[in-house]
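Notes follow once the structure below has been shown.
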Amino acid sequence: MKLFLYRVVMFLLKPLVRPVLAIRRMKGLETTDAKRKRERFGYASVKRPEGKVVWFNAASVGESNSIVPVIDELLKKFPDVFVVVTTTTLTAANNMAKKLSGKNAVHQFLPVDRRAYVDRFFNYWKPSLGFFVDSDFWPNLILSAKAHNVPLVLLNGRVSDRSFASWKNNLPMAKVLMSAFDFGFGKSEEDKKKLEVMGLNDVVCVGNLKYGVPPLSHNEDELKKLKAEIGKRHILVVSSTHPGEEEICLTAFLTIKKRFPDVLMVIAPRHPARGAEIQELVDGNKLVSARRSVSEKITPNTDVYIADTMGELGLFYSLADVSFVGGSLVKWGGHNPMEPARLHNVVLSGPYVHNFTETYDLLKAEKSVVIVKDANDFASKVKSFFEHEEVAEEYKSRAFYVSEREANVLQRTMDKLKPVLDKVLK
């Protein structure tokens with residue numbers, strides 16, 4: 001009944017779709033490209049090639065990054081296959097445009113979850129196989145895929161405690177949706193068990209696919225340029241921050257600066273469009289800022305460098321002494337701490353990491369991540385690492401060890417996928 005009501009409501013909401021998308025465009029969350037705006041209604045912006053198409057749906061940057069190695073392995077084995085990746089966020093779209101460049105693949109925006117739009121998408125692309133990533137369970141999208149006889153695989157399936165509680169109250173709906181999947185991977189053993197309760201029968205856990213992503217890359221010339229601008233200063237990177245979090249980090253930074261006047265803090269917000277907003281916060285604290293998106297250089301007087309660009313976290317982690325992973329001092333749920341760990345960083349985080357509980361448990365078990373609860377604790381921990389370089393090196397080594405150990409998940413995933421890929425694509 002609830003699934004039926006959902007489909008009725010989405011049908012009736014058609015008059016609101018364009019206004020909502022327009023508001024999102026004003027906020028920098030949707031494309032302004034006239035041709036590509038139509039993708040949200042199921043219209044393709046590129047021509048479908050002949051042959052078999054494999055479709056991947058990933059909500060945002062982290063999820064879409066995690067599937068790039070899978071896509072690479074798939075295209076090595078099946079070079080004639082064409083890959084379509086859909087995402088909902090503009091940030092992920094821009095990221096995928098770079099990651100898919102030169103490959104037999106293209107990015108498209110995911111259609112809004114109305115039956116007419118998703119049917120239009122499937123009628124055009126006719127995928128031979130579809131992958132859902134993480135927890136992006138759009139009911140009309142899933143049911144339309146099943147109606148179009150698209151075999152579905154769930155990659156890196158994740159179900160938060162809050163979502164699981166909701167699904168348990170809507171178990172008949174969950175079981176209908178999960179029955180559309182032919183096979184699935186749980187991100188963790190706990191996620192596997194949750195997915196089984198929700199009705200996904202054939203599900204395994206081989207690890208978190210996000211661990212299988214190669215270390216974040218960087219432009220070597222840009223790294224040399226920034227190193228020349230920075231000189232021998234202490235560097236603190238604050239990455240993937242959300243509204244309300246930068247204020248806490250800036251308060252901590254002011255305390256750190258009293259002990260280490262040369263310190264440079266790099267703020268890389270989760271959404272680069274917030275660069276100007278963050279600059280106002282920095283200026284309000286009477287600190288000297290520079291924004292990367294407008295090509296402002298780092299000078300000896302620069303206190304805070306705002307890295308409001310896409311796809312350059314690898315560059316800043318390569319510079320860092322200590323990195324704080326955001327979304328964790330506010331109740332967002334955290335982001336992936338393995339990324340700075342793989343680039344030999346001391347990893348700090350706030351306490352709100354429920355989206356990455358398993359990841360943090362792995363790091364905590366090896367004493368390779370530090371949890372800070374507020375600005376004072378943040379400042380104290382960073383100062384301690386700056387003062388005791390040998391302790392910092394121990395944390396870096398332990399975090400790197402854990403991240404490398406878990407990186408073999410890609411091969412384990414491809415081994416499990418082999419029968420499915422051979423059956424559908426050969």
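The chains in the structure tokens are called A, B, ... from first to last as shown; in each chain the residues are counted from 1, and the ligands are counted from 1 in the order shown.
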*Within 7 Å of segment 288-293 of chain A using only C-alpha atoms, minus same-chain residues under 6 positions, as a PyMOL selection string*: chain A and resi 279+282+301-309
_Can you tell me which residues surround Gly350 of chain A at a distance of at most 6 Å, considering only C-alpha atoms, apart from same-chain residues fewer than 5 positions away, and format the answer as JSON, numbers by chain?_
{"A": [328, 329, 371, 372, 373]}
Selection to disk with N, CA and C atoms, as a PDB file, in the first residue's frame:
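The resulting file, again16.pdb, is reproduced below:
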ATOM      1  N   SER A 328      31.680  15.531  10.560  1.00  0.00           N
ATOM      2  CA  SER A 328      31.764  14.723  11.774  1.00  0.00           C
ATOM      3  C   SER A 328      31.702  15.537  13.065  1.00  0.00           C
ATOM      4  N   LEU A 329      31.845  16.853  12.957  1.00  0.00           N
ATOM      5  CA  LEU A 329      31.634  17.724  14.119  1.00  0.00           C
ATOM      6  C   LEU A 329      30.209  18.267  14.130  1.00  0.00           C
ATOM      7  N   ILE A 371      39.691  10.964  17.561  1.00  0.00           N
ATOM      8  CA  ILE A 371      38.372  11.587  17.598  1.00  0.00           C
ATOM      9  C   ILE A 371      38.416  12.806  18.508  1.00  0.00           C
ATOM     10  N   VAL A 372      37.966  13.943  17.974  1.00  0.00           N
ATOM     11  CA  VAL A 372      37.921  15.180  18.763  1.00  0.00           C
ATOM     12  C   VAL A 372      36.467  15.581  18.959  1.00  0.00           C
ATOM     13  N   LYS A 373      36.140  16.126  20.138  1.00  0.00           N
ATOM     14  CA  LYS A 373      34.734  16.378  20.448  1.00  0.00           C
ATOM     15  C   LYS A 373      34.311  17.826  20.268  1.00  0.00           C
TER      16      LYS A 373
END
*Could you give me, as a list in words, the residues within 12 Å of Lys99 of chain A, counting only C-alpha atoms and dropping anything in the same chain fewer than 3 positions from it?*
Val61, Ser64, Asn65, Ser66, Ile67, Val68, Pro69, Ile71, Asp72, Val85, Ala92, Ala93, Asn94, Asn95, Met96, Gly102, Lys103, Asn104, Ala105, Val106, His107, Leu216, Ser217, Met310 and Gly311 of chain A
*Which residues come within 10 Å of segment 399-412 of chain A, counting only C-alpha atoms, excluding same-chain residues fewer than 2 positions away, as a ChimeraX atom specification?*
/A:66-67,69-70,73,205-215,337-347,359,362-369,393-397,414-417
*Find the spatial neighbours of Leu236 of chain A, counting only C-alpha atoms, within a cut-off of 6 Å - ignore same-chain residues fewer than 4 positions away - and output them as a list in words.*
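My list of contacting residues is Met265, Ala320, Val322 and Ser323 of chain A.
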Would you write out those residues with N, CA and C atoms, as a PDB file, in the first residue's frame?
ATOM      1  N   MET A 265      46.043  26.694   7.487  1.00  0.00           N
ATOM      2  CA  MET A 265      44.914  25.768   7.429  1.00  0.00           C
ATOM      3  C   MET A 265      44.308  25.809   6.033  1.00  0.00           C
ATOM      4  N   ALA A 320      49.589  17.736   3.571  1.00  0.00           N
ATOM      5  CA  ALA A 320      49.190  17.868   4.968  1.00  0.00           C
ATOM      6  C   ALA A 320      50.136  17.185   5.949  1.00  0.00           C
ATOM      7  N   VAL A 322      48.577  17.072   9.227  1.00  0.00           N
ATOM      8  CA  VAL A 322      47.413  16.530   9.924  1.00  0.00           C
ATOM      9  C   VAL A 322      46.179  16.862   9.099  1.00  0.00           C
ATOM     10  N   SER A 323      45.255  15.898   8.972  1.00  0.00           N
ATOM     11  CA  SER A 323      44.014  16.151   8.237  1.00  0.00           C
ATOM     12  C   SER A 323      42.808  15.817   9.104  1.00  0.00           C
TER      13      SER A 323
END
Pull the closest atom pair for each residue of segment 37-151 of chain A that gets at most 12 Å from segment 173-176 of chain A, along with the distance in Å to one decimal, counting only C-alpha atoms, ordering rows by chain and then ascending residue number, as a Markdown table.
| residue | atom | partner | partner_atom | distance |
| --- | --- | --- | --- | --- |
| A:Phe137 | CA | A:Ala174 | CA | 9.5 |
| A:Trp138 | CA | A:Ala174 | CA | 11.1 |
| A:Pro139 | CA | A:Met173 | CA | 9.0 |
| A:Asn140 | CA | A:Val176 | CA | 11.5 |
| A:Ile142 | CA | A:Val176 | CA | 9.7 |
| A:Leu143 | CA | A:Val176 | CA | 8.6 |
| A:Lys146 | CA | A:Val176 | CA | 10.7 |
*Considering only C-alpha atoms, return as a VMD selection string whatever protein or nucleic-acid residues lie within 8 Å of Pro127 of chain A, sequence-local ones (same chain, fewer than 4 positions apart) excluded.*
chain A and resid 52 to 55 122 150
*Go through A:Ser240, A:Asn376, A:Asn201, A:Thr413 one by one, measure the shortest atom-to-atom distance of each to Val330 of chain A using only C-alpha atoms, and give the residue with the smallest value.*
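Nearest candidate to Val330 of chain A out of A:Ser240, A:Asn376, A:Asn201, A:Thr413: A:Ser240.
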_Nearest to Pro261 of chain A by atom-to-atom distance, counting only C-alpha atoms, from A:Leu313, A:Val84, A:Ala375, A:Leu287_ =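 Checking each candidate against Pro261 of chain A, we get A:Leu287 as the closest.
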